[in-house]
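Down below is the structure, laid out as structure tokens.
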Amino acid sequence: MKGVTPRQWGALAVALALAALYLFPLYWMYVSGMKTESEIFRTPPTLVPDDPQFHHLDVFLRRDMARYMANSLIIAAGTTALTLPLGVACAYVLSRYRSLWISIALFLILVLQVLPPSLMAAPLFIMFHQVDLVDTRLAVILALTGKTLPLFIILCRTTFLQVPNELEEAALVDGCSRVGAFWKINLPLARNGILVIGALIFMQSYGEYVYSASLLSSEARQPATVGLADFMGPNINEWVDAMVFSSLYVTPLIVVFVLLQRRIVQGLTAGALK
């Protein structure tokens, strides 16, 4: 720690304070799941439970949480698997050609990205009802793909722009086809960025609520986000069970993120010529 200036110590202190502020709701969710109903609403609030309660963990069995989480994983994995090949192909083309039509396409993609899911839920419901896809996980996957694909294209295009055209041109001169150059040159160099963007798409799909609540009426097909809403009713709110349910729901995602954090950081910072 020698040679650290006071300014750097100050920056570190500010960063730690912002991180603590950002992570405090997550901590509050976990500790609230170990409190009693009366302690949750105590004034002043307790940062540490007086008498930690763990019997609420049985909400995993009482609410058949395994089924909810399985549906969430199916929807998130299906959306990611559909978004990646479509998004990579489109982002590559948009990164390699310059024209007025490309600029118009990028503008339209940005417009699609800003449309809120609540605005699109009703038209999608009518469309899927006409093709008999309502109350199927496929309908949610298709709807989510339409939402995540523009974001993936915009971010992935930036990744492909970091790959120098000279590398691809050299491969073409050596007799490689355009498709071959894409598979052997562009895709390997953009791999880390694609993996990071894919992880972001997966997390966004894992926590989706609007399309699932609008398109899925059968409880057997609903994801955990819809199941969590069942704890809130007009007459009673099961706050402790809701906090335990939320904690169990997000913990696997946090664990995976922590285990992959090095690769995620590499994908965010690595250049194409690394």
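A note on labels: chains of the structure tokens are A, B, ... as shown, every chain counts residues from 1, and ligands are counted from 1 in their shown order.
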
task = Would you list the contacts of range 162-168 of chain A as a PyMOL selection string, taking every protein, DNA or RNA residue within 10 Å and counting only C-alpha atoms, but skipping same-chain residues closer than 4 positions in sequence?
result = chain A and resi 95-96+157-158+172-174+176-178+180-182+184-187+189-190+270-273

According to DSSP computed on the backbone, where in range 223-255 of chain A is there alpha helix (DSSP H)? Give the residues as an MDAnalysis selection string. chainID A and resid 224:229 239:255

Please, could you write that set of residues out with N, CA and C atoms as an mmCIF file, in the first residue's frame?
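Below is the file that was written, result36.cif:
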data_model
loop_
_atom_site.group_PDB
_atom_site.id
_atom_site.type_symbol
_atom_site.label_atom_id
_atom_site.label_comp_id
_atom_site.auth_asym_id
_atom_site.auth_seq_id
_atom_site.Cartn_x
_atom_site.Cartn_y
_atom_site.Cartn_z
ATOM 1 N N ALA A 224 -40.597 -17.436 -11.568
ATOM 2 C CA ALA A 224 -40.552 -17.042 -10.165
ATOM 3 C C ALA A 224 -40.977 -15.590 -9.957
ATOM 4 N N THR A 225 -40.767 -14.730 -10.950
ATOM 5 C CA THR A 225 -41.176 -13.336 -10.785
ATOM 6 C C THR A 225 -42.683 -13.207 -10.623
ATOM 7 N N VAL A 226 -43.445 -14.022 -11.354
ATOM 8 C CA VAL A 226 -44.902 -14.016 -11.225
ATOM 9 C C VAL A 226 -45.308 -14.675 -9.912
ATOM 10 N N GLY A 227 -44.608 -15.738 -9.525
ATOM 11 C CA GLY A 227 -44.896 -16.383 -8.257
ATOM 12 C C GLY A 227 -44.650 -15.464 -7.082
ATOM 13 N N LEU A 228 -43.653 -14.605 -7.193
ATOM 14 C CA LEU A 228 -43.362 -13.659 -6.119
ATOM 15 C C LEU A 228 -44.503 -12.669 -5.918
ATOM 16 N N ALA A 229 -45.172 -12.300 -6.992
ATOM 17 C CA ALA A 229 -46.282 -11.351 -6.890
ATOM 18 C C ALA A 229 -47.455 -11.916 -6.106
ATOM 19 N N TRP A 239 -44.718 -10.470 3.930
ATOM 20 C CA TRP A 239 -43.441 -9.840 3.674
ATOM 21 C C TRP A 239 -42.265 -10.771 3.955
ATOM 22 N N VAL A 240 -42.303 -11.518 5.059
ATOM 23 C CA VAL A 240 -41.175 -12.387 5.386
ATOM 24 C C VAL A 240 -41.012 -13.478 4.328
ATOM 25 N N ASP A 241 -42.119 -14.135 3.984
ATOM 26 C CA ASP A 241 -42.046 -15.168 2.950
ATOM 27 C C ASP A 241 -41.599 -14.588 1.611
ATOM 28 N N ALA A 242 -42.022 -13.375 1.315
ATOM 29 C CA ALA A 242 -41.609 -12.738 0.064
ATOM 30 C C ALA A 242 -40.110 -12.472 0.047
ATOM 31 N N MET A 243 -39.560 -12.054 1.199
ATOM 32 C CA MET A 243 -38.122 -11.805 1.270
ATOM 33 C C MET A 243 -37.329 -13.108 1.150
ATOM 34 N N VAL A 244 -37.815 -14.180 1.785
ATOM 35 C CA VAL A 244 -37.139 -15.479 1.679
ATOM 36 C C VAL A 244 -37.210 -15.987 0.240
ATOM 37 N N PHE A 245 -38.375 -15.882 -0.369
ATOM 38 C CA PHE A 245 -38.559 -16.305 -1.765
ATOM 39 C C PHE A 245 -37.605 -15.535 -2.673
ATOM 40 N N SER A 246 -37.515 -14.229 -2.477
ATOM 41 C CA SER A 246 -36.629 -13.398 -3.301
ATOM 42 C C SER A 246 -35.170 -13.780 -3.094
ATOM 43 N N SER A 247 -34.803 -14.045 -1.842
ATOM 44 C CA SER A 247 -33.416 -14.413 -1.541
ATOM 45 C C SER A 247 -33.032 -15.715 -2.225
ATOM 46 N N LEU A 248 -33.901 -16.716 -2.135
ATOM 47 C CA LEU A 248 -33.623 -17.991 -2.780
ATOM 48 C C LEU A 248 -33.597 -17.857 -4.300
ATOM 49 N N TYR A 249 -34.386 -16.926 -4.806
ATOM 50 C CA TYR A 249 -34.491 -16.740 -6.252
ATOM 51 C C TYR A 249 -33.231 -16.111 -6.842
ATOM 52 N N VAL A 250 -32.673 -15.116 -6.163
ATOM 53 C CA VAL A 250 -31.532 -14.386 -6.733
ATOM 54 C C VAL A 250 -30.186 -14.989 -6.355
ATOM 55 N N THR A 251 -30.139 -15.837 -5.316
ATOM 56 C CA THR A 251 -28.857 -16.372 -4.859
ATOM 57 C C THR A 251 -28.117 -17.149 -5.945
ATOM 58 N N PRO A 252 -28.767 -18.059 -6.696
ATOM 59 C CA PRO A 252 -28.019 -18.757 -7.756
ATOM 60 C C PRO A 252 -27.419 -17.803 -8.785
ATOM 61 N N LEU A 253 -28.137 -16.749 -9.107
ATOM 62 C CA LEU A 253 -27.624 -15.794 -10.084
ATOM 63 C C LEU A 253 -26.412 -15.057 -9.533
ATOM 64 N N ILE A 254 -26.452 -14.692 -8.262
ATOM 65 C CA ILE A 254 -25.322 -14.014 -7.635
ATOM 66 C C ILE A 254 -24.104 -14.927 -7.591
ATOM 67 N N VAL A 255 -24.317 -16.196 -7.255
ATOM 68 C CA VAL A 255 -23.212 -17.146 -7.189
ATOM 69 C C VAL A 255 -22.555 -17.303 -8.554
#

Q) Do you know which residues are at most 12 Å from Cys156 in chain A counting only C-alpha atoms, after dropping those on the same chain fewer than 4 positions away, and could you put them as an MDAnalysis selection string? A) chainID A and resid 83:95 148:152 160:163 186:187 190:198 200:201 267:268

Using the selection just defined, write its residues with C-alpha atoms as a short mmCIF file (atom, residue, chain, number, x, y, z; two decimals), in the first residue's frame.
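Output file out.cif is given in full below:
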data_model
loop_
_atom_site.label_atom_id
_atom_site.label_comp_id
_atom_site.auth_asym_id
_atom_site.auth_seq_id
_atom_site.Cartn_x
_atom_site.Cartn_y
_atom_site.Cartn_z
CA THR A 83 -31.01 -14.03 -29.20
CA LEU A 84 -27.34 -14.98 -29.55
CA PRO A 85 -27.26 -16.39 -33.13
CA LEU A 86 -29.69 -13.80 -34.50
CA GLY A 87 -27.95 -10.93 -32.71
CA VAL A 88 -24.41 -11.99 -33.65
CA ALA A 89 -25.30 -12.32 -37.34
CA CYS A 90 -27.09 -8.96 -37.45
CA ALA A 91 -24.42 -7.14 -35.41
CA TYR A 92 -21.65 -8.46 -37.67
CA VAL A 93 -23.35 -7.24 -40.83
CA LEU A 94 -24.10 -3.83 -39.33
CA SER A 95 -20.47 -3.48 -38.22
CA THR A 148 -33.51 -8.27 -25.88
CA LEU A 149 -32.43 -8.57 -29.52
CA PRO A 150 -32.08 -4.79 -30.15
CA LEU A 151 -29.95 -4.38 -27.01
CA PHE A 152 -27.78 -7.33 -27.98
CA PHE A 160 -17.25 -6.37 -33.76
CA LEU A 161 -16.17 -2.81 -34.54
CA GLN A 162 -13.12 -3.43 -32.33
CA VAL A 163 -11.96 -6.20 -34.66
CA ASN A 186 -14.10 -12.24 -36.05
CA LEU A 187 -15.97 -14.65 -33.81
CA ALA A 190 -15.25 -11.05 -30.18
CA ARG A 191 -15.94 -14.13 -28.03
CA ASN A 192 -15.46 -12.51 -24.62
CA GLY A 193 -17.67 -9.57 -25.49
CA ILE A 194 -20.39 -11.86 -26.83
CA LEU A 195 -20.28 -13.98 -23.67
CA VAL A 196 -20.64 -10.91 -21.46
CA ILE A 197 -23.56 -9.54 -23.47
CA GLY A 198 -25.15 -12.98 -23.47
CA LEU A 200 -26.55 -9.70 -19.42
CA ILE A 201 -29.36 -10.91 -21.68
CA GLY A 267 -14.97 -9.24 -21.71
CA LEU A 268 -15.69 -5.66 -20.75
#

Between A:Thr5, A:Ser118, A:Ser205, A:Ser217, smallest distance to Ile75 in chain A by only C-alpha atoms belongs to A:Ser205

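Among A:Val59, A:Val210, A:Ile74, A:Met65, the residue with the shortest atom-to-atom distance to Pro117 in chain A, counting only C-alpha atoms, is A:Val210.
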
- Identify, on the basis of only C-alpha atoms, every residue whose closest approach to Ala122 in chain A does not exceed 12 Å; exclude the query and any residue fewer than 2 positions from it along the same chain; express the result as JSON, numbers by chain. {"A": [116, 117, 118, 119, 120, 124, 125, 126, 127, 128, 129, 134, 143, 210, 211, 213, 214, 215]}

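If you look at CA of His56 in chain A and CA of Asn71 in chain A, they are 22.4 Å away from each other.
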
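Restricting the calculation to only C-alpha atoms, the smallest distance between Glu208 in chain A and any of A:Ala76, A:Leu112, A:Ile104, A:Ala139 is found for A:Ala76.
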
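In this comparison, which uses only C-alpha atoms, the residue of A:Gly10, A:Asp64, A:Gly207, A:Leu47 approaching Pro25 in chain A most closely is A:Leu47.
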